[in-house]
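Visitor: final33.cif is reproduced below (mmCIF, C-alpha atoms).
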```
data_target
loop_
_atom_site.group_PDB
_atom_site.id
_atom_site.type_symbol
_atom_site.label_atom_id
_atom_site.label_comp_id
_atom_site.auth_asym_id
_atom_site.auth_seq_id
_atom_site.Cartn_x
_atom_site.Cartn_y
_atom_site.Cartn_z
ATOM 1 C CA MET A 185 -6.882 41.803 -76.260
ATOM 2 C CA THR A 186 -3.887 39.659 -77.079
ATOM 3 C CA ASP A 187 -3.711 35.923 -77.553
ATOM 4 C CA SER A 188 -3.329 34.383 -74.095
ATOM 5 C CA ALA A 189 -0.972 31.760 -75.510
ATOM 6 C CA SER A 190 1.133 34.181 -77.536
ATOM 7 C CA GLY A 191 4.810 33.594 -76.909
ATOM 8 C CA SER A 192 4.242 30.621 -74.593
ATOM 9 C CA GLY A 193 4.905 28.028 -77.277
ATOM 10 C CA ARG A 194 1.959 26.045 -75.947
ATOM 11 C CA PRO A 195 -1.236 25.011 -77.742
ATOM 12 C CA ALA A 196 -4.432 26.719 -76.579
ATOM 13 C CA ALA A 197 -7.920 25.389 -75.921
ATOM 14 C CA LEU A 198 -11.190 27.233 -75.446
ATOM 15 C CA ILE A 199 -13.835 25.456 -73.374
ATOM 16 C CA THR A 200 -17.416 26.575 -72.819
ATOM 17 C CA GLY A 201 -19.394 25.633 -69.717
ATOM 18 C CA ALA A 202 -16.054 25.264 -67.987
ATOM 19 C CA THR A 203 -16.862 25.765 -64.306
ATOM 20 C CA ALA A 204 -18.471 22.395 -63.571
ATOM 21 C CA GLY A 205 -18.897 18.826 -64.719
ATOM 22 C CA ILE A 206 -17.482 17.654 -68.022
ATOM 23 C CA GLY A 207 -16.324 21.158 -68.996
ATOM 24 C CA LYS A 208 -14.287 21.550 -65.810
ATOM 25 C CA VAL A 209 -12.692 18.130 -66.294
ATOM 26 C CA PHE A 210 -11.767 19.068 -69.878
ATOM 27 C CA ALA A 211 -10.064 22.173 -68.482
ATOM 28 C CA GLN A 212 -8.166 20.149 -65.882
ATOM 29 C CA GLN A 213 -7.008 17.441 -68.272
ATOM 30 C CA LEU A 214 -6.004 19.849 -71.048
ATOM 31 C CA ALA A 215 -4.099 22.008 -68.549
ATOM 32 C CA GLU A 216 -2.349 18.863 -67.328
ATOM 33 C CA GLN A 217 -1.389 18.128 -70.947
ATOM 34 C CA GLY A 218 0.159 21.602 -71.230
ATOM 35 C CA HIS A 219 -2.531 23.631 -72.974
ATOM 36 C CA ASP A 220 -3.098 27.296 -72.286
ATOM 37 C CA LEU A 221 -6.795 27.840 -71.656
ATOM 38 C CA VAL A 222 -9.573 30.289 -72.398
ATOM 39 C CA LEU A 223 -12.527 29.314 -70.222
ATOM 40 C CA VAL A 224 -16.100 30.501 -70.760
ATOM 41 C CA ALA A 225 -19.038 30.352 -68.332
ATOM 42 C CA ARG A 226 -21.609 32.655 -66.759
ATOM 43 C CA ASP A 227 -20.318 32.640 -63.165
ATOM 44 C CA ALA A 228 -17.420 35.144 -63.260
ATOM 45 C CA ALA A 229 -16.133 34.496 -59.720
ATOM 46 C CA ARG A 230 -16.173 30.725 -60.065
ATOM 47 C CA LEU A 231 -14.583 30.956 -63.508
ATOM 48 C CA GLN A 232 -11.716 33.165 -62.336
ATOM 49 C CA ALA A 233 -11.090 30.906 -59.349
ATOM 50 C CA LEU A 234 -10.720 27.924 -61.692
ATOM 51 C CA CYS A 235 -8.351 29.861 -63.968
ATOM 52 C CA ASP A 236 -6.198 30.830 -60.990
ATOM 53 C CA GLU A 237 -6.179 27.263 -59.685
ATOM 54 C CA LEU A 238 -5.154 25.696 -62.999
ATOM 55 C CA SER A 239 -2.538 28.358 -63.729
ATOM 56 C CA LEU A 240 -0.904 27.764 -60.356
ATOM 57 C CA GLN A 241 -1.132 23.982 -60.488
ATOM 58 C CA PHE A 242 0.084 23.405 -64.052
ATOM 59 C CA GLY A 243 2.036 26.560 -64.925
ATOM 60 C CA ILE A 244 -0.155 27.458 -67.892
ATOM 61 C CA ASN A 245 -1.948 30.656 -68.892
ATOM 62 C CA ALA A 246 -5.686 30.603 -68.209
ATOM 63 C CA GLU A 247 -8.034 33.400 -69.251
ATOM 64 C CA ALA A 248 -11.615 33.781 -68.020
ATOM 65 C CA ILE A 249 -14.395 35.080 -70.259
ATOM 66 C CA PRO A 250 -17.668 35.448 -68.337
ATOM 67 C CA ALA A 251 -20.400 35.167 -70.978
ATOM 68 C CA ASP A 252 -23.929 33.892 -71.477
ATOM 69 C CA LEU A 253 -23.764 31.875 -74.683
ATOM 70 C CA SER A 254 -27.529 31.743 -74.992
ATOM 71 C CA ARG A 255 -27.456 35.468 -75.848
ATOM 72 C CA ASP A 256 -26.262 37.131 -79.056
ATOM 73 C CA GLU A 257 -23.830 39.409 -77.214
ATOM 74 C CA GLY A 258 -22.170 36.485 -75.454
ATOM 75 C CA MET A 259 -21.840 34.456 -78.652
ATOM 76 C CA ARG A 260 -20.434 37.446 -80.524
ATOM 77 C CA ARG A 261 -17.870 38.291 -77.844
ATOM 78 C CA VAL A 262 -16.572 34.741 -77.532
ATOM 79 C CA GLY A 263 -16.553 34.311 -81.316
ATOM 80 C CA GLU A 264 -14.428 37.444 -81.676
ATOM 81 C CA ARG A 265 -12.018 36.130 -79.038
ATOM 82 C CA ILE A 266 -11.698 32.827 -80.879
ATOM 83 C CA ALA A 267 -10.856 34.632 -84.122
ATOM 84 C CA GLN A 268 -7.947 36.353 -82.322
ATOM 85 C CA MET A 269 -6.384 33.118 -81.063
ATOM 86 C CA GLY A 270 -3.514 32.257 -83.357
ATOM 87 C CA SER A 271 -2.584 29.231 -81.254
ATOM 88 C CA LEU A 272 -6.073 27.744 -80.828
ATOM 89 C CA THR A 273 -5.804 24.001 -81.331
ATOM 90 C CA MET A 274 -8.976 22.825 -79.577
ATOM 91 C CA LEU A 275 -12.508 24.163 -79.156
ATOM 92 C CA VAL A 276 -14.781 22.301 -76.736
ATOM 93 C CA ASN A 277 -18.447 23.254 -77.123
ATOM 94 C CA ASN A 278 -19.697 21.922 -73.813
ATOM 95 C CA ALA A 279 -22.110 24.543 -72.398
ATOM 96 C CA GLY A 280 -25.600 23.161 -71.967
ATOM 97 C CA PHE A 281 -28.418 22.275 -69.601
ATOM 98 C CA GLY A 282 -31.378 19.950 -69.240
ATOM 99 C CA THR A 283 -34.941 20.422 -68.075
ATOM 100 C CA LYS A 284 -37.623 18.228 -66.596
ATOM 101 C CA GLY A 285 -41.232 18.236 -67.739
ATOM 102 C CA LYS A 286 -43.477 18.240 -70.784
ATOM 103 C CA LEU A 287 -43.008 20.914 -73.415
ATOM 104 C CA ALA A 288 -46.541 22.278 -72.923
ATOM 105 C CA ASN A 289 -45.718 23.029 -69.279
ATOM 106 C CA ARG A 290 -42.227 24.479 -69.655
ATOM 107 C CA PRO A 291 -41.524 28.217 -70.041
ATOM 108 C CA VAL A 292 -41.113 29.201 -73.688
ATOM 109 C CA ALA A 293 -38.055 31.348 -72.893
ATOM 110 C CA GLU A 294 -36.333 28.405 -71.206
ATOM 111 C CA GLN A 295 -36.791 26.141 -74.233
ATOM 112 C CA ALA A 296 -35.704 28.874 -76.650
ATOM 113 C CA THR A 297 -32.591 29.370 -74.515
ATOM 114 C CA MET A 298 -31.795 25.671 -74.850
ATOM 115 C CA LEU A 299 -31.909 25.884 -78.638
ATOM 116 C CA GLU A 300 -29.664 28.968 -78.640
ATOM 117 C CA LEU A 301 -27.134 27.342 -76.303
ATOM 118 C CA HIS A 302 -27.094 23.842 -77.810
ATOM 119 C CA VAL A 303 -27.459 24.762 -81.496
ATOM 120 C CA MET A 304 -26.595 28.361 -82.351
ATOM 121 C CA ALA A 305 -23.647 28.826 -79.993
ATOM 122 C CA PRO A 306 -21.690 25.691 -81.066
ATOM 123 C CA MET A 307 -22.309 26.468 -84.725
ATOM 124 C CA LEU A 308 -21.189 30.096 -84.452
ATOM 125 C CA LEU A 309 -18.136 29.342 -82.301
ATOM 126 C CA SER A 310 -17.108 26.527 -84.655
ATOM 127 C CA ARG A 311 -17.485 28.922 -87.573
ATOM 128 C CA ALA A 312 -15.244 31.419 -85.785
ATOM 129 C CA ALA A 313 -12.565 28.795 -85.136
ATOM 130 C CA LEU A 314 -12.470 27.153 -88.545
ATOM 131 C CA PRO A 315 -10.651 29.721 -90.723
ATOM 132 C CA GLY A 316 -7.645 29.822 -88.397
ATOM 133 C CA MET A 317 -7.554 26.068 -87.864
ATOM 134 C CA ILE A 318 -7.780 25.377 -91.598
ATOM 135 C CA ALA A 319 -5.041 27.931 -92.357
ATOM 136 C CA ARG A 320 -2.756 26.318 -89.759
ATOM 137 C CA GLY A 321 -3.632 22.822 -90.977
ATOM 138 C CA ARG A 322 -4.495 21.512 -87.522
ATOM 139 C CA GLY A 323 -7.079 21.740 -84.793
ATOM 140 C CA ALA A 324 -9.948 19.917 -83.130
ATOM 141 C CA ILE A 325 -13.549 20.801 -82.367
ATOM 142 C CA ILE A 326 -15.314 18.680 -79.755
ATOM 143 C CA ASN A 327 -19.082 19.109 -79.539
ATOM 144 C CA VAL A 328 -20.512 17.600 -76.360
ATOM 145 C CA ALA A 329 -23.710 15.862 -77.480
ATOM 146 C CA SER A 330 -25.269 12.915 -75.627
ATOM 147 C CA VAL A 331 -26.429 9.337 -75.919
ATOM 148 C CA ALA A 332 -29.835 11.048 -75.894
ATOM 149 C CA SER A 333 -29.017 12.202 -79.439
ATOM 150 C CA PHE A 334 -29.805 8.667 -80.634
ATOM 151 C CA ALA A 335 -33.288 8.628 -79.116
ATOM 152 C CA PHE A 336 -36.317 10.667 -78.142
ATOM 153 C CA SER A 337 -38.164 10.809 -74.864
ATOM 154 C CA ALA A 338 -41.139 12.389 -73.152
ATOM 155 C CA GLY A 339 -40.049 15.221 -70.893
ATOM 156 C CA ASN A 340 -36.884 15.597 -72.926
ATOM 157 C CA VAL A 341 -37.988 16.585 -76.412
ATOM 158 C CA ASN A 342 -35.762 19.595 -77.052
ATOM 159 C CA TYR A 343 -32.765 18.146 -75.250
ATOM 160 C CA CYS A 344 -32.788 15.030 -77.452
ATOM 161 C CA ALA A 345 -33.451 17.104 -80.566
ATOM 162 C CA THR A 346 -30.683 19.636 -79.945
ATOM 163 C CA LYS A 347 -28.158 16.944 -79.081
ATOM 164 C CA ALA A 348 -29.114 15.103 -82.262
ATOM 165 C CA TYR A 349 -28.386 18.334 -84.131
ATOM 166 C CA LEU A 350 -24.907 18.454 -82.590
ATOM 167 C CA ARG A 351 -24.196 14.865 -83.611
ATOM 168 C CA PHE A 352 -25.305 15.363 -87.210
ATOM 169 C CA PHE A 353 -23.629 18.776 -87.382
ATOM 170 C CA SER A 354 -20.364 17.148 -86.322
ATOM 171 C CA LEU A 355 -20.694 14.332 -88.858
ATOM 172 C CA GLY A 356 -21.375 16.722 -91.730
ATOM 173 C CA LEU A 357 -18.652 19.158 -90.672
ATOM 174 C CA ALA A 358 -16.113 16.345 -90.384
ATOM 175 C CA GLN A 359 -16.877 15.365 -93.965
ATOM 176 C CA GLU A 360 -16.436 18.964 -95.124
ATOM 177 C CA LEU A 361 -13.073 19.192 -93.368
ATOM 178 C CA ALA A 362 -11.599 15.951 -94.697
ATOM 179 C CA GLY A 363 -7.995 16.554 -95.711
ATOM 180 C CA THR A 364 -7.639 19.890 -93.888
ATOM 181 C CA GLY A 365 -6.018 18.541 -90.719
ATOM 182 C CA VAL A 366 -8.981 19.711 -88.613
ATOM 183 C CA TYR A 367 -10.733 17.023 -86.582
ATOM 184 C CA VAL A 368 -14.349 17.120 -85.385
ATOM 185 C CA GLN A 369 -15.883 14.991 -82.653
ATOM 186 C CA ALA A 370 -19.402 14.531 -81.317
ATOM 187 C CA LEU A 371 -18.905 13.315 -77.761
ATOM 188 C CA CYS A 372 -21.978 11.327 -76.692
ATOM 189 C CA PRO A 373 -21.784 10.435 -72.994
ATOM 190 C CA GLY A 374 -24.515 8.709 -71.079
ATOM 191 C CA PHE A 375 -25.472 9.518 -67.498
ATOM 192 C CA THR A 376 -22.433 11.165 -65.924
ATOM 193 C CA HIS A 377 -21.906 12.205 -62.315
ATOM 194 C CA THR A 378 -21.935 16.028 -62.518
ATOM 195 C CA GLU A 379 -24.117 18.922 -61.346
ATOM 196 C CA PHE A 380 -26.112 18.654 -64.582
ATOM 197 C CA HIS A 381 -28.910 16.393 -63.369
ATOM 198 C CA ASP A 382 -29.281 18.154 -60.028
ATOM 199 C CA ARG A 383 -29.671 21.520 -61.757
ATOM 200 C CA GLY A 384 -32.316 20.058 -64.041
ATOM 201 C CA GLY A 385 -34.309 18.718 -61.087
ATOM 202 C CA MET A 386 -34.125 15.150 -62.373
ATOM 203 C CA ASN A 387 -34.673 12.025 -60.297
ATOM 204 C CA LYS A 388 -31.250 10.360 -60.365
ATOM 205 C CA LYS A 389 -32.527 7.421 -58.304
ATOM 206 C CA ALA A 390 -34.702 6.338 -61.232
ATOM 207 C CA ILE A 391 -31.531 5.522 -63.192
ATOM 208 C CA PRO A 392 -29.723 2.244 -62.308
ATOM 209 C CA GLY A 393 -26.306 2.777 -60.721
ATOM 210 C CA ILE A 394 -24.581 0.697 -63.395
ATOM 211 C CA LEU A 395 -25.437 3.349 -65.997
ATOM 212 C CA TRP A 396 -23.528 6.172 -64.286
ATOM 213 C CA LEU A 397 -20.104 7.232 -65.568
ATOM 214 C CA LYS A 398 -17.430 9.451 -64.032
ATOM 215 C CA ALA A 399 -16.636 12.681 -65.873
ATOM 216 C CA ASP A 400 -12.914 11.922 -65.710
ATOM 217 C CA ARG A 401 -13.408 8.765 -67.743
ATOM 218 C CA VAL A 402 -15.661 10.485 -70.278
ATOM 219 C CA VAL A 403 -13.100 13.208 -70.957
ATOM 220 C CA ARG A 404 -10.127 10.831 -71.111
ATOM 221 C CA GLU A 405 -11.875 8.715 -73.745
ATOM 222 C CA SER A 406 -12.794 11.847 -75.703
ATOM 223 C CA LEU A 407 -9.258 13.232 -75.707
ATOM 224 C CA ALA A 408 -7.767 9.827 -76.535
ATOM 225 C CA GLU A 409 -9.992 9.589 -79.620
ATOM 226 C CA ALA A 410 -9.176 13.207 -80.522
ATOM 227 C CA SER A 411 -5.449 12.385 -80.430
ATOM 228 C CA ARG A 412 -6.069 9.580 -82.917
ATOM 229 C CA GLY A 413 -8.181 11.872 -85.095
ATOM 230 C CA ARG A 414 -10.344 9.234 -86.743
ATOM 231 C CA LYS A 415 -13.672 8.534 -85.015
ATOM 232 C CA VAL A 416 -16.260 11.341 -85.206
ATOM 233 C CA VAL A 417 -18.983 9.972 -82.902
ATOM 234 C CA VAL A 418 -17.478 8.951 -79.558
ATOM 235 C CA VAL A 419 -19.619 7.035 -77.051
ATOM 236 C CA PRO A 420 -17.675 6.475 -73.809
ATOM 237 C CA GLY A 421 -18.090 3.162 -72.005
ATOM 238 C CA LYS A 422 -18.877 -0.311 -73.304
ATOM 239 C CA ARG A 423 -22.325 -0.287 -71.678
ATOM 240 C CA TYR A 424 -23.306 2.808 -73.650
ATOM 241 C CA LYS A 425 -21.829 1.495 -76.883
ATOM 242 C CA THR A 426 -24.099 -1.512 -76.364
ATOM 243 C CA LEU A 427 -27.057 0.725 -75.549
ATOM 244 C CA VAL A 428 -26.554 2.775 -78.729
ATOM 245 C CA PHE A 429 -26.418 -0.469 -80.726
ATOM 246 C CA LEU A 430 -29.714 -1.543 -79.149
ATOM 247 C CA ILE A 431 -31.326 1.833 -79.849
ATOM 248 C CA LYS A 432 -30.356 1.459 -83.497
ATOM 249 C CA TYR A 433 -31.394 -2.155 -83.976
ATOM 250 C CA ALA A 434 -33.699 -3.279 -81.143
ATOM 251 C CA PRO A 435 -37.429 -3.903 -81.783
ATOM 252 C CA GLU A 436 -39.815 -1.070 -81.018
ATOM 253 C CA TRP A 437 -41.421 -2.823 -78.035
ATOM 254 C CA LEU A 438 -38.074 -2.961 -76.258
ATOM 255 C CA LEU A 439 -37.290 0.665 -77.058
ATOM 256 C CA SER A 440 -40.658 1.743 -75.671
ATOM 257 C CA ILE A 441 -39.770 0.154 -72.320
ATOM 258 C CA PHE A 442 -36.489 2.064 -72.250
ATOM 259 C CA ARG A 443 -38.182 5.346 -73.172
ATOM 260 C CA GLY A 444 -40.809 4.834 -70.492
ATOM 261 C CA ARG A 445 -38.238 4.243 -67.776
ATOM 262 C CA TYR A 446 -36.064 7.145 -68.891
ATOM 263 C CA GLY A 447 -39.073 9.448 -69.195
ATOM 264 C CA LYS A 448 -40.095 8.814 -65.568
ATOM 265 C CA ALA A 449 -36.985 10.664 -64.439
ATOM 266 C CA ARG A 450 -37.947 13.724 -66.471
ATOM 267 C CA VAL A 451 -41.724 14.171 -66.711
#
```
What does the file become when written as structure tokens?
Guide:
Amino acid sequence: MTDSASGSGRPAALITGATAGIGKVFAQQLAEQGHDLVLVARDAARLQALCDELSLQFGINAEAIPADLSRDEGMRRVGERIAQMGSLTMLVNNAGFGTKGKLANRPVAEQATMLELHVMAPMLLSRAALPGMIARGRGAIINVASVASFAFSAGNVNYCATKAYLRFFSLGLAQELAGTGVYVQALCPGFTHTEFHDRGGMNKKAIPGILWLKADRVVRESLAEASRGRKVVVVPGKRYKTLVFLIKYAPEWLLSIFRGRYGKARV
């Protein structure tokens, strides 16, 4: 398989979880900026339709890789594709999902899948991208974490824990890569209007309307920070920057109220 961007003169981006929500908006905005795309998701038909749409609309090359990144075969295949991409300038590790309910009542396989998808896949795909990016002296890796990475919650234990891993992984990796020209970001959005919460069976009405963000805004803030190449942890929206500050410094009694309200949407 050849590099989809070979000969085009355009930068290339690979995005996981690209058929919906934040991943789809990353694909749209990067295509608009002139990137060739390699898009990864499980739904082959939906993925190819998006590639065709973006290719036609923006005149870029878009390649579909149907893969389940919670499985070794899917991780290996996408990692091998990344290693072939001589023009890869951005990797967006976005694939993920949430669940609702206490750990003792959730299927073991489901929770193990979350750890594979949120922890192993981003690490392995980042590892595949790094040698080429370092050799070229440029590139960006965006790991989609969450405001939940700053907290913990009943009904959300592995989601918070795996997103915290992504945030700390990004911070440590950024330090390792200082001076190489390769930028790393942990994108930490709050509640965002996507299919994510519906798929997880969560009660969206339990969350105040003021806390909801649009995916377009989340991605624009992420890419703007990536273009500056300085800030590692990116929290879109002033309300969520304030919330993260409170999580870090507020008294425990206030945090317990927040956890209780958030947990009602998930237990």
Visitor: So the first atom is atom CA of A:Cys372 and the second is atom CA of A:Ala329; what is the distance between them in Å, to one decimal place?
Guide: 4.9 Å
Visitor: Just give me the gap between atom CA of A:Ala335 and atom CA of A:Leu357 in Å, one decimal is fine.
Guide: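 Calculated distance between atom CA of A:Ala335 and atom CA of A:Leu357 is 21.4 Å.
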Visitor: Given the point (-4.4, 29.5, -76.8) in the file's coordinates, find the residues that have an atom at most 6 Å from it, counting all atoms listed in the file, and give them as a VMD selection string.
Guide: chain A and resid 188 to 189 195 to 197 220 to 221 269 271 to 272
Visitor: Edge lengths and centre in Å to one decimal, as JSON, is what I'm after for the box along x, y and z that holds all listed atoms of stretch 421-430 of chain A once 8 Å is added on each side.
Guide:
```
{"center_x": -23.9, "center_y": 0.8, "center_z": -76.2, "size_x": 27.6, "size_y": 20.7, "size_z": 25.0}
```
Visitor: So that I can see what lies close to A:Met307, please list as a VMD selection string the residues with an atom at most 10 Å from it, counting only C-alpha atoms and leaving out residues fewer than 5 positions away in the same chain.
Guide: chain A and resid 277 300 to 302 312 327 350 353 to 354
Visitor: Quick one: apply the PyMOL selection byres ((chain A and resi 318) around 10) to the file and drop the selected residues here as a PyMOL selection string.
Guide: chain A and resi 313-317+319-323+361+363-366
Visitor: I need the residue nearest A:Val276 from this list: A:Ser310, A:Asn289, A:Gln241, A:Ser337. Use all atoms listed in the file for the distance.
Guide: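 When distances to A:Val276 are compared using all atoms listed in the file, the smallest one comes from A:Ser310.
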Visitor: Within 9 Å of A:Cys344, counting all atoms listed in the file, which residues qualify if same-chain residues fewer than 6 places away don't, as a list in words?
Guide: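 Close residues of A:Cys344: Ser330, Val331, Ala332, Ser333, Phe334, Ala335, Phe336 and Ser337 of chain A.
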Visitor: Select from stretch 260-327 of chain A every residue with an atom at most 12 Å from any atom of stretch 204-217 of chain A, then for each give the shortest pair of atoms and their distance in Å to one decimal, using all atoms listed in the file, rows by chain and rising number, as a tab-separated table.
Guide:
```
residue	atom	partner	partner_atom	distance
A:Thr273	CA	A:Leu214	CA	11.1
A:Met274	CA	A:Leu214	CA	9.5
A:Leu275	CA	A:Phe210	CA	10.6
A:Val276	CA	A:Gly207	CA	8.0
A:Asn277	CA	A:Gly207	CA	8.7
A:Asn278	CA	A:Gly207	CA	5.9
A:Ala279	CA	A:Gly207	CA	7.5
A:Gly280	CA	A:Gly207	CA	9.9
A:Phe281	CA	A:Gly205	CA	11.2
A:Ile326	CA	A:Phe210	CA	10.5
A:Asn327	CA	A:Gly207	CA	11.1
```
Visitor: Report as JSON, numbers by chain the residues that result from applying the PyMOL selection byres ((chain A and resi 416) around 12) to the structure here.
Guide: {"A": [324, 325, 326, 327, 328, 329, 350, 351, 352, 353, 354, 355, 356, 357, 358, 359, 361, 362, 366, 367, 368, 369, 370, 371, 372, 406, 407, 409, 410, 411, 412, 413, 414, 415, 417, 418, 419]}
Visitor: One decimal, Å: what's the distance from atom CA of A:Pro435 over to atom CA of A:Thr346, could you say?
Guide: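 Atom CA of A:Thr346 lies 24.6 Å from atom CA of A:Pro435.
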Visitor: Have a look at A:Thr283, A:Ala225, A:Arg265, A:Gly258 and name the one nearest to A:Met304; count all atoms listed in the file.
Guide: A:Gly258
Visitor: Using only C-alpha atoms, can you tell me which of A:Leu427, A:Ala202, A:Leu299, A:Val292 comes closest to A:Pro250?
Guide: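 Under the stated criterion, the closest residue is A:Ala202.
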Visitor: Using only C-alpha atoms, pick whichever of A:Leu198, A:Gly421, A:Phe375, A:Gly282 has the shortest atom-to-atom distance to A:Ala246.
Guide: A:Leu198
Visitor: Could you check the closest approach to A:Ala348 for each of A:Leu308, A:Glu264, A:Val303, A:Leu234 and tell me which residue wins, using only C-alpha atoms?
Guide: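 Using only C-alpha atoms, A:Ala348 sits closest to A:Val303.
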Visitor: When the PyMOL selection byres ((chain A and resi 399) around 8) is applied to the structure above, which residues does it catch, written out as a list in words?
Guide: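 Residues picked by the PyMOL selection byres ((chain A and resi 399) around 8): Gly205, Ile206, Val209, Thr376, His377, Thr378, Leu397, Lys398, Asp400, Arg401, Val402 and Val403 of chain A.
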Visitor: Using only C-alpha atoms, which of the listed residues (A:Ser192, A:Lys347, A:Leu309, A:Ala288) sits closest to A:Val224?
Guide: A:Leu309
